[in-house]
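> mmCIF, C-alpha atoms and all ligand atoms, file entry-v9.cif:
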data_structure
loop_
_atom_site.group_PDB
_atom_site.id
_atom_site.type_symbol
_atom_site.label_atom_id
_atom_site.label_comp_id
_atom_site.auth_asym_id
_atom_site.auth_seq_id
_atom_site.Cartn_x
_atom_site.Cartn_y
_atom_site.Cartn_z
ATOM 1 C CA MET A 1128 0.000 0.000 0.000
ATOM 2 C CA ALA A 1129 1.225 3.448 -0.814
ATOM 3 C CA ILE A 1130 -0.086 6.969 -0.965
ATOM 4 C CA ARG A 1131 0.662 8.392 -4.413
ATOM 5 C CA GLU A 1132 1.247 12.010 -5.370
ATOM 6 C CA ILE A 1133 -1.848 13.702 -6.821
ATOM 7 C CA LEU A 1134 -1.147 15.738 -9.964
ATOM 8 C CA GLU A 1135 -2.449 19.287 -10.066
ATOM 9 C CA PHE A 1136 -3.778 21.398 -12.934
ATOM 10 C CA PRO A 1137 -2.231 22.275 -15.411
ATOM 11 C CA ASP A 1138 -0.167 19.070 -15.424
ATOM 12 C CA PRO A 1139 -0.444 17.806 -19.035
ATOM 13 C CA ARG A 1140 -0.859 14.203 -17.843
ATOM 14 C CA LEU A 1141 -4.349 15.206 -16.623
ATOM 15 C CA ARG A 1142 -5.264 15.782 -20.303
ATOM 16 C CA GLU A 1143 -4.362 12.294 -21.544
ATOM 17 C CA VAL A 1144 -7.068 9.806 -22.522
ATOM 18 C CA GLY A 1145 -6.698 6.688 -20.375
ATOM 19 C CA GLU A 1146 -6.032 3.274 -21.923
ATOM 20 C CA PRO A 1147 -8.451 0.406 -21.273
ATOM 21 C CA VAL A 1148 -7.335 -2.183 -18.713
ATOM 22 C CA THR A 1149 -6.746 -5.589 -20.342
ATOM 23 C CA VAL A 1150 -4.963 -7.532 -17.564
ATOM 24 C CA PHE A 1151 -6.676 -8.103 -14.198
ATOM 25 C CA ASP A 1152 -3.748 -9.270 -12.083
ATOM 26 C CA ASP A 1153 -2.275 -8.597 -8.639
ATOM 27 C CA SER A 1154 -0.429 -5.501 -9.867
ATOM 28 C CA LEU A 1155 -3.764 -4.021 -11.005
ATOM 29 C CA ARG A 1156 -5.266 -4.780 -7.586
ATOM 30 C CA GLN A 1157 -2.223 -3.168 -5.935
ATOM 31 C CA LEU A 1158 -2.775 -0.053 -8.052
ATOM 32 C CA VAL A 1159 -6.466 0.046 -7.029
ATOM 33 C CA GLU A 1160 -5.444 -0.275 -3.366
ATOM 34 C CA ASP A 1161 -2.998 2.607 -3.752
ATOM 35 C CA MET A 1162 -5.728 4.706 -5.378
ATOM 36 C CA ALA A 1163 -8.118 3.991 -2.485
ATOM 37 C CA GLU A 1164 -5.450 4.792 0.099
ATOM 38 C CA THR A 1165 -4.583 8.031 -1.718
ATOM 39 C CA MET A 1166 -8.273 9.017 -1.939
ATOM 40 C CA TYR A 1167 -8.908 8.370 1.785
ATOM 41 C CA ASP A 1168 -5.738 10.214 2.762
ATOM 42 C CA ALA A 1169 -6.579 13.320 0.709
ATOM 43 C CA PRO A 1170 -9.478 13.033 1.621
ATOM 44 C CA GLY A 1171 -11.723 12.909 -1.451
ATOM 45 C CA VAL A 1172 -14.940 11.199 -2.535
ATOM 46 C CA GLY A 1173 -13.283 9.871 -5.684
ATOM 47 C CA LEU A 1174 -9.973 9.503 -7.493
ATOM 48 C CA ALA A 1175 -9.170 8.639 -11.101
ATOM 49 C CA ALA A 1176 -5.948 6.911 -12.174
ATOM 50 C CA PRO A 1177 -4.801 9.831 -14.395
ATOM 51 C CA GLN A 1178 -4.707 11.984 -11.227
ATOM 52 C CA ILE A 1179 -1.785 9.871 -9.991
ATOM 53 C CA GLY A 1180 -0.103 9.841 -13.404
ATOM 54 C CA VAL A 1181 -1.451 6.444 -14.501
ATOM 55 C CA SER A 1182 -3.120 6.773 -17.895
ATOM 56 C CA LYS A 1183 -5.636 3.944 -17.457
ATOM 57 C CA ARG A 1184 -9.450 3.723 -17.345
ATOM 58 C CA ILE A 1185 -9.807 3.186 -13.586
ATOM 59 C CA PHE A 1186 -11.498 5.203 -10.845
ATOM 60 C CA VAL A 1187 -12.515 4.668 -7.227
ATOM 61 C CA ILE A 1188 -15.368 6.358 -5.340
ATOM 62 C CA ASP A 1189 -16.499 6.349 -1.698
ATOM 63 C CA ILE A 1190 -19.352 8.701 -0.877
ATOM 64 C CA ALA A 1191 -19.999 7.346 2.637
ATOM 65 C CA GLY A 1192 -20.372 10.069 5.272
ATOM 66 C CA GLU A 1193 -17.978 10.577 8.169
ATOM 67 C CA ASP A 1194 -20.103 8.565 10.605
ATOM 68 C CA GLU A 1195 -20.872 5.778 8.115
ATOM 69 C CA PRO A 1196 -18.800 2.670 7.333
ATOM 70 C CA SER A 1197 -16.568 3.088 4.270
ATOM 71 C CA ASP A 1198 -18.036 1.858 0.991
ATOM 72 C CA LEU A 1199 -15.339 1.615 -1.669
ATOM 73 C CA MET A 1200 -16.544 1.351 -5.261
ATOM 74 C CA VAL A 1201 -14.073 0.388 -7.997
ATOM 75 C CA PHE A 1202 -14.808 1.136 -11.665
ATOM 76 C CA ILE A 1203 -12.565 -0.275 -14.391
ATOM 77 C CA ASN A 1204 -13.238 0.334 -18.105
ATOM 78 C CA PRO A 1205 -16.492 2.160 -17.249
ATOM 79 C CA GLU A 1206 -19.069 2.912 -19.924
ATOM 80 C CA ILE A 1207 -21.819 5.438 -19.374
ATOM 81 C CA LEU A 1208 -25.008 3.752 -20.630
ATOM 82 C CA SER A 1209 -27.421 6.652 -20.106
ATOM 83 C CA LEU A 1210 -27.650 10.122 -18.623
ATOM 84 C CA ASP A 1211 -30.983 11.758 -17.670
ATOM 85 C CA GLY A 1212 -32.135 15.004 -16.125
ATOM 86 C CA THR A 1213 -29.930 17.748 -14.713
ATOM 87 C CA GLN A 1214 -28.618 18.720 -11.292
ATOM 88 C CA GLN A 1215 -26.111 21.231 -9.982
ATOM 89 C CA TRP A 1216 -23.621 20.263 -7.295
ATOM 90 C CA GLU A 1217 -20.869 22.196 -5.586
ATOM 91 C CA GLU A 1218 -17.865 20.240 -6.850
ATOM 92 C CA GLY A 1219 -14.267 20.121 -5.813
ATOM 93 C CA CYS A 1220 -11.374 18.310 -7.455
ATOM 94 C CA LEU A 1221 -8.182 17.098 -5.808
ATOM 95 C CA SER A 1222 -6.314 18.382 -8.869
ATOM 96 C CA PHE A 1223 -7.617 21.924 -8.088
ATOM 97 C CA PRO A 1224 -6.972 22.044 -4.331
ATOM 98 C CA GLY A 1225 -8.768 24.649 -2.248
ATOM 99 C CA ALA A 1226 -11.471 25.658 -4.732
ATOM 100 C CA THR A 1227 -15.058 24.603 -5.470
ATOM 101 C CA GLU A 1228 -17.662 25.666 -8.024
ATOM 102 C CA THR A 1229 -21.175 24.581 -8.981
ATOM 103 C CA VAL A 1230 -21.214 22.293 -12.012
ATOM 104 C CA LYS A 1231 -24.255 21.250 -14.063
ATOM 105 C CA ARG A 1232 -24.454 17.503 -14.738
ATOM 106 C CA ALA A 1233 -26.993 14.754 -15.332
ATOM 107 C CA GLU A 1234 -29.183 13.846 -12.338
ATOM 108 C CA HIS A 1235 -29.324 10.139 -13.137
ATOM 109 C CA VAL A 1236 -26.658 7.877 -14.622
ATOM 110 C CA ARG A 1237 -26.486 4.217 -15.614
ATOM 111 C CA VAL A 1238 -22.965 2.831 -15.876
ATOM 112 C CA ARG A 1239 -21.404 -0.504 -16.757
ATOM 113 C CA ALA A 1240 -17.890 -1.300 -15.512
ATOM 114 C CA GLN A 1241 -15.610 -4.093 -14.319
ATOM 115 C CA ASP A 1242 -14.344 -4.700 -10.800
ATOM 116 C CA ALA A 1243 -10.710 -5.417 -9.836
ATOM 117 C CA HIS A 1244 -11.178 -9.077 -10.843
ATOM 118 C CA GLY A 1245 -12.593 -8.223 -14.261
ATOM 119 C CA LYS A 1246 -16.187 -9.066 -13.335
ATOM 120 C CA ALA A 1247 -18.690 -6.835 -15.119
ATOM 121 C CA PHE A 1248 -21.430 -5.007 -13.210
ATOM 122 C CA GLU A 1249 -24.048 -2.343 -13.873
ATOM 123 C CA LEU A 1250 -25.121 0.422 -11.532
ATOM 124 C CA GLU A 1251 -27.761 3.157 -11.493
ATOM 125 C CA ALA A 1252 -27.057 6.269 -9.488
ATOM 126 C CA ASP A 1253 -28.395 9.715 -8.743
ATOM 127 C CA GLY A 1254 -27.409 12.587 -6.466
ATOM 128 C CA LEU A 1255 -23.782 12.791 -5.345
ATOM 129 C CA LEU A 1256 -22.916 9.298 -6.601
ATOM 130 C CA ALA A 1257 -24.117 10.224 -10.106
ATOM 131 C CA VAL A 1258 -22.073 13.445 -9.928
ATOM 132 C CA ALA A 1259 -18.966 11.593 -8.770
ATOM 133 C CA ILE A 1260 -19.275 8.955 -11.512
ATOM 134 C CA GLN A 1261 -19.509 11.684 -14.176
ATOM 135 C CA HIS A 1262 -16.631 13.688 -12.633
ATOM 136 C CA GLU A 1263 -14.345 10.626 -12.460
ATOM 137 C CA ASN A 1264 -15.344 9.343 -15.898
ATOM 138 C CA ASP A 1265 -14.417 12.744 -17.332
ATOM 139 C CA HIS A 1266 -10.900 12.381 -15.847
ATOM 140 C CA LEU A 1267 -10.450 9.177 -17.908
ATOM 141 C CA ASN A 1268 -11.056 11.268 -21.032
ATOM 142 C CA GLY A 1269 -8.771 14.145 -20.010
ATOM 143 C CA VAL A 1270 -11.791 16.325 -19.164
ATOM 144 C CA LEU A 1271 -11.624 18.450 -15.992
ATOM 145 C CA MET A 1272 -14.372 20.246 -14.038
ATOM 146 C CA ILE A 1273 -13.069 23.641 -15.218
ATOM 147 C CA ASP A 1274 -14.078 22.570 -18.750
ATOM 148 C CA LYS A 1275 -17.716 22.276 -17.603
ATOM 149 C CA LEU A 1276 -17.975 25.894 -16.399
ATOM 150 C CA ASN A 1277 -19.323 28.871 -18.323
ATOM 151 C CA PRO A 1278 -16.803 31.694 -18.908
ATOM 152 C CA ILE A 1279 -17.870 33.674 -15.807
ATOM 153 C CA LYS A 1280 -17.658 30.697 -13.455
ATOM 154 C CA LYS A 1281 -14.401 29.606 -15.102
ATOM 155 C CA ARG A 1282 -12.899 33.000 -14.274
ATOM 156 C CA LEU A 1283 -14.154 32.819 -10.667
ATOM 157 C CA PHE A 1284 -12.903 29.268 -10.243
ATOM 158 C CA SER A 1285 -9.445 30.103 -11.664
ATOM 159 C CA ARG A 1286 -9.186 32.988 -9.226
ATOM 160 C CA LYS A 1287 -10.097 30.716 -6.288
ATOM 161 C CA VAL A 1288 -7.511 28.133 -7.411
ATOM 162 C CA ASN A 1289 -4.814 30.794 -7.673
ATOM 163 C CA GLN A 1290 -5.755 32.265 -4.291
ATOM 164 C CA ALA A 1291 -5.542 28.843 -2.655
ATOM 165 C CA ARG A 1292 -2.037 28.483 -4.102
ATOM 166 C CA ALA A 1293 -0.765 31.915 -3.089
HETATM 167 O O1 LIG A 1301 -13.193 14.931 -3.443
HETATM 168 C C1 LIG A 1301 -13.929 15.249 -4.375
HETATM 169 N N1 LIG A 1301 -15.129 15.810 -4.099
HETATM 170 C C2 LIG A 1301 -16.122 16.006 -5.033
HETATM 171 C C3 LIG A 1301 -17.209 16.767 -4.657
HETATM 172 C C4 LIG A 1301 -18.242 16.974 -5.533
HETATM 173 C C5 LIG A 1301 -18.191 16.430 -6.795
HETATM 174 C C6 LIG A 1301 -17.101 15.681 -7.193
HETATM 175 C C7 LIG A 1301 -16.073 15.458 -6.322
HETATM 176 S S1 LIG A 1301 -14.728 14.471 -6.805
HETATM 177 C C8 LIG A 1301 -13.460 15.057 -5.766
HETATM 178 C C9 LIG A 1301 -12.235 14.184 -5.847
HETATM 179 C C10 LIG A 1301 -11.652 14.251 -7.237
HETATM 180 O O2 LIG A 1301 -11.011 15.177 -7.655
HETATM 181 N N2 LIG A 1301 -11.895 13.250 -8.027
HETATM 182 O O3 LIG A 1301 -11.448 13.259 -9.281
HETATM 183 NI NI NI A 1302 -11.317 15.371 -9.847
#
Let me see the file written as structure tokens.


Amino acid sequence: MAIREILEFPDPRLREVGEPVTVFDDSLRQLVEDMAETMYDAPGVGLAAPQIGVSKRIFVIDIAGEDEPSDLMVFINPEILSLDGTQQWEEGCLSFPGATETVKRAEHVRVRAQDAHGKAFELEADGLLAVAIQHENDHLNGVLMIDKLNPIKKRLFSRKVNQARA
């Protein structure tokens, strides 16, 4: 187990499109464990492999509250099957530390993915879980939350990111 360094915007590795996972072996499961440990340490509700410099189609999510037992979800080679409705959520991203902004996304998502053993599953989500799935899936395509903002919010968000760094 190891905590990995989280890359920050504008690291160009955050813009790469992740490669599908083809081998489900112990080294993959070690990588997933490192991702979970890094996410819990941050702490964050999700983490995508490109955020630790691994250009693969893998993300982890845990939206359990502070007083709830942890509930790690692992998504490998995810495919979004459907998106419905809209919702706005105040989002943060570990690659933009110290800043949040409201992002418009689908309210309801259906996703198919594989677990760390290669077993396929399907999931329907709404609320924060749906937001997190869309946010993490975007990372696998080199898309970041700043790309989802209109020009005014983008300006505000950039200022908050720079202030948090100063
Ligand atoms: O920790 C995180 N919080 C969060 C809050 C609202 C919507 C999405 C997220 S994901 C983020 C962690 C992260 O950067 N994942 O890529
Ligand atoms: Ni993020």

> Rounded to one decimal, what separation in Å do you get between atom CA of A:Leu1158 and atom CA of A:Gly1254?

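Going from atom CA of A:Leu1158 over to atom CA of A:Gly1254, I get 27.7 Å.
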
> Could you check which of A:Leu1256, A:Val1270, A:Val1238, A:Ala1247 is closest to ligand NI 1302 (chain A), using all atoms listed in the file?

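Residue with the minimum atom-to-atom distance to ligand NI 1302 (chain A): A:Val1270.
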
> Got a sec to check which residues lie within 12 Å of ligand NI 1302 (chain A), using all atoms listed in the file, and send them as a PyMOL selection string?

chain A and resi 1133-1136+1141+1166+1169-1179+1186-1188+1218-1224+1226-1227+1258-1274

> Evaluating the PyMOL selection byres (((chain A and resi 1200) around 7) and not hetatm) on the displayed file yields which residues, as a PyMOL selection string?

chain A and resi 1187-1189+1198-1199+1201-1202

> Just to be explicit: take each residue in the selection above, keep C-alpha atoms, and write the result as a CSV table (one decimal), keeping the file's coordinate frame.


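Final file, selection-v6.csv:
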chain,number,residue,atom,x,y,z
A,1187,VAL,CA,-12.5,4.7,-7.2
A,1188,ILE,CA,-15.4,6.4,-5.3
A,1189,ASP,CA,-16.5,6.3,-1.7
A,1198,ASP,CA,-18.0,1.9,1.0
A,1199,LEU,CA,-15.3,1.6,-1.7
A,1201,VAL,CA,-14.1,0.4,-8.0
A,1202,PHE,CA,-14.8,1.1,-11.7

> When you draw a straight line from atom CA of A:Arg1286 to atom CA of A:Pro1137, how long is it in Å?

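Going from atom CA of A:Arg1286 over to atom CA of A:Pro1137 covers 14.2 Å.
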
> Draw an axis-aligned box over all listed atoms of ligand LIG 1301 (chain A), pad each side with 8 Å, and write its centre and edge lengths in Å, one decimal, as JSON.


{"center_x": -14.6, "center_y": 15.1, "center_z": -6.4, "size_x": 23.2, "size_y": 19.7, "size_z": 21.8}

> As an exercise, work out the distance from atom CA of A:Ala1240 to atom CA of A:Lys1183 in Å and give it to one decimal place.

13.5 Å

> For the structure provided, state which residues fall under the PyMOL selection byres (((chain A and resi 1209) around 7) and not hetatm), and present them as a list in words.

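Matching residues under the PyMOL selection byres (((chain A and resi 1209) around 7) and not hetatm) are Ile1207, Leu1208, Leu1210, Asp1211, Val1236 and Arg1237 of chain A.
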
> Tell me which of A:Ile1130, A:Ala1191, A:Asp1242, A:Asp1152 sits closest to A:Glu1164, counting all atoms listed in the file.

A:Ile1130

> Using all atoms listed in the file, which of A:Glu1160, A:Glu1234, A:Glu1228, A:Glu1143 sits nearest ligand LIG 1301 (chain A)?

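Of the candidates, the smallest distance to ligand LIG 1301 (chain A) is held by A:Glu1228.
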
> Which is closest to A:Ala1293 among A:Glu1193, A:Ile1185, A:Gly1225, A:Lys1281, if we use only C-alpha atoms?

A:Gly1225

> Out of A:Ile1279, A:Leu1250, A:Ile1203, A:Ala1163, which residue has the shortest atom-to-atom distance to ligand LIG 1301 (chain A) when counting all atoms listed in the file?

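Checking each candidate against ligand LIG 1301 (chain A), we get A:Ala1163 as the closest.
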
> Ranking A:His1244, A:Arg1282, A:Arg1292, A:Arg1232 by minimum distance to ligand LIG 1301 (chain A) and counting only C-alpha atoms and all ligand atoms, which one comes first?

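Closest to ligand LIG 1301 (chain A), using only C-alpha atoms and all ligand atoms: A:Arg1232.
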
> Reconstruct stretch 1142-1176 of chain A at the level of N, CA and C atoms, and format the result as an mmCIF file, keeping the file's coordinate frame.


data_model
loop_
_atom_site.group_PDB
_atom_site.id
_atom_site.type_symbol
_atom_site.label_atom_id
_atom_site.label_comp_id
_atom_site.auth_asym_id
_atom_site.auth_seq_id
_atom_site.Cartn_x
_atom_site.Cartn_y
_atom_site.Cartn_z
ATOM 1 N N ARG A 1142 -4.543 15.617 -19.023
ATOM 2 C CA ARG A 1142 -5.264 15.782 -20.303
ATOM 3 C C ARG A 1142 -5.187 14.547 -21.183
ATOM 4 N N GLU A 1143 -4.468 13.512 -20.739
ATOM 5 C CA GLU A 1143 -4.362 12.294 -21.544
ATOM 6 C C GLU A 1143 -5.656 11.487 -21.461
ATOM 7 N N VAL A 1144 -5.931 10.733 -22.523
ATOM 8 C CA VAL A 1144 -7.068 9.806 -22.522
ATOM 9 C C VAL A 1144 -6.551 8.454 -22.030
ATOM 10 N N GLY A 1145 -7.176 7.929 -20.988
ATOM 11 C CA GLY A 1145 -6.698 6.688 -20.375
ATOM 12 C C GLY A 1145 -6.889 5.476 -21.277
ATOM 13 N N GLU A 1146 -5.966 4.524 -21.161
ATOM 14 C CA GLU A 1146 -6.032 3.274 -21.923
ATOM 15 C C GLU A 1146 -6.896 2.260 -21.186
ATOM 16 N N PRO A 1147 -7.674 1.467 -21.926
ATOM 17 C CA PRO A 1147 -8.451 0.406 -21.273
ATOM 18 C C PRO A 1147 -7.530 -0.572 -20.540
ATOM 19 N N VAL A 1148 -8.042 -1.136 -19.447
ATOM 20 C CA VAL A 1148 -7.335 -2.183 -18.713
ATOM 21 C C VAL A 1148 -7.629 -3.512 -19.402
ATOM 22 N N THR A 1149 -6.562 -4.291 -19.681
ATOM 23 C CA THR A 1149 -6.746 -5.589 -20.342
ATOM 24 C C THR A 1149 -6.326 -6.743 -19.439
ATOM 25 N N VAL A 1150 -5.481 -6.467 -18.435
ATOM 26 C CA VAL A 1150 -4.963 -7.532 -17.564
ATOM 27 C C VAL A 1150 -5.425 -7.267 -16.135
ATOM 28 N N PHE A 1151 -6.152 -8.233 -15.566
ATOM 29 C CA PHE A 1151 -6.676 -8.103 -14.198
ATOM 30 C C PHE A 1151 -5.840 -8.998 -13.288
ATOM 31 N N ASP A 1152 -4.684 -8.477 -12.877
ATOM 32 C CA ASP A 1152 -3.748 -9.270 -12.083
ATOM 33 C C ASP A 1152 -3.484 -8.585 -10.744
ATOM 34 N N ASP A 1153 -2.554 -9.156 -9.967
ATOM 35 C CA ASP A 1153 -2.275 -8.597 -8.639
ATOM 36 C C ASP A 1153 -1.719 -7.183 -8.725
ATOM 37 N N SER A 1154 -0.980 -6.867 -9.790
ATOM 38 C CA SER A 1154 -0.429 -5.501 -9.867
ATOM 39 C C SER A 1154 -1.546 -4.494 -10.116
ATOM 40 N N LEU A 1155 -2.596 -4.894 -10.854
ATOM 41 C CA LEU A 1155 -3.764 -4.021 -11.005
ATOM 42 C C LEU A 1155 -4.427 -3.806 -9.645
ATOM 43 N N ARG A 1156 -4.599 -4.907 -8.899
ATOM 44 C CA ARG A 1156 -5.266 -4.780 -7.586
ATOM 45 C C ARG A 1156 -4.417 -3.955 -6.616
ATOM 46 N N GLN A 1157 -3.101 -4.023 -6.745
ATOM 47 C CA GLN A 1157 -2.223 -3.168 -5.935
ATOM 48 C C GLN A 1157 -2.416 -1.699 -6.300
ATOM 49 N N LEU A 1158 -2.535 -1.427 -7.600
ATOM 50 C CA LEU A 1158 -2.775 -0.053 -8.052
ATOM 51 C C LEU A 1158 -4.099 0.471 -7.491
ATOM 52 N N VAL A 1159 -5.151 -0.362 -7.546
ATOM 53 C CA VAL A 1159 -6.466 0.046 -7.029
ATOM 54 C C VAL A 1159 -6.377 0.332 -5.529
ATOM 55 N N GLU A 1160 -5.631 -0.508 -4.807
ATOM 56 C CA GLU A 1160 -5.444 -0.275 -3.366
ATOM 57 C C GLU A 1160 -4.745 1.052 -3.111
ATOM 58 N N ASP A 1161 -3.711 1.337 -3.902
ATOM 59 C CA ASP A 1161 -2.998 2.607 -3.752
ATOM 60 C C ASP A 1161 -3.931 3.778 -4.046
ATOM 61 N N MET A 1162 -4.782 3.634 -5.050
ATOM 62 C CA MET A 1162 -5.728 4.706 -5.378
ATOM 63 C C MET A 1162 -6.686 4.943 -4.213
ATOM 64 N N ALA A 1163 -7.202 3.851 -3.618
ATOM 65 C CA ALA A 1163 -8.118 3.991 -2.485
ATOM 66 C C ALA A 1163 -7.403 4.671 -1.316
ATOM 67 N N GLU A 1164 -6.187 4.220 -1.029
ATOM 68 C CA GLU A 1164 -5.450 4.792 0.099
ATOM 69 C C GLU A 1164 -5.191 6.286 -0.140
ATOM 70 N N THR A 1165 -4.856 6.630 -1.370
ATOM 71 C CA THR A 1165 -4.583 8.031 -1.718
ATOM 72 C C THR A 1165 -5.846 8.873 -1.592
ATOM 73 N N MET A 1166 -6.991 8.310 -2.043
ATOM 74 C CA MET A 1166 -8.273 9.017 -1.939
ATOM 75 C C MET A 1166 -8.651 9.254 -0.473
ATOM 76 N N TYR A 1167 -8.526 8.211 0.371
ATOM 77 C CA TYR A 1167 -8.908 8.370 1.785
ATOM 78 C C TYR A 1167 -7.977 9.343 2.504
ATOM 79 N N ASP A 1168 -6.704 9.336 2.121
ATOM 80 C CA ASP A 1168 -5.738 10.214 2.762
ATOM 81 C C ASP A 1168 -6.001 11.679 2.432
ATOM 82 N N ALA A 1169 -6.515 11.933 1.213
ATOM 83 C CA ALA A 1169 -6.579 13.320 0.709
ATOM 84 C C ALA A 1169 -7.329 14.296 1.628
ATOM 85 N N PRO A 1170 -8.583 14.080 2.069
ATOM 86 C CA PRO A 1170 -9.478 13.033 1.621
ATOM 87 C C PRO A 1170 -10.318 13.530 0.454
ATOM 88 N N GLY A 1171 -10.828 12.576 -0.353
ATOM 89 C CA GLY A 1171 -11.723 12.909 -1.451
ATOM 90 C C GLY A 1171 -12.813 11.872 -1.563
ATOM 91 N N VAL A 1172 -13.856 12.171 -2.333
ATOM 92 C CA VAL A 1172 -14.940 11.199 -2.535
ATOM 93 C C VAL A 1172 -14.667 10.331 -3.757
ATOM 94 N N GLY A 1173 -13.634 10.672 -4.516
ATOM 95 C CA GLY A 1173 -13.283 9.871 -5.684
ATOM 96 C C GLY A 1173 -11.852 10.159 -6.096
ATOM 97 N N LEU A 1174 -11.314 9.277 -6.931
ATOM 98 C CA LEU A 1174 -9.973 9.503 -7.493
ATOM 99 C C LEU A 1174 -9.876 8.684 -8.775
ATOM 100 N N ALA A 1175 -9.356 9.320 -9.820
ATOM 101 C CA ALA A 1175 -9.170 8.639 -11.101
ATOM 102 C C ALA A 1175 -7.684 8.400 -11.331
ATOM 103 N N ALA A 1176 -7.358 7.290 -11.994
ATOM 104 C CA ALA A 1176 -5.948 6.911 -12.174
ATOM 105 C C ALA A 1176 -5.113 8.026 -12.815
#
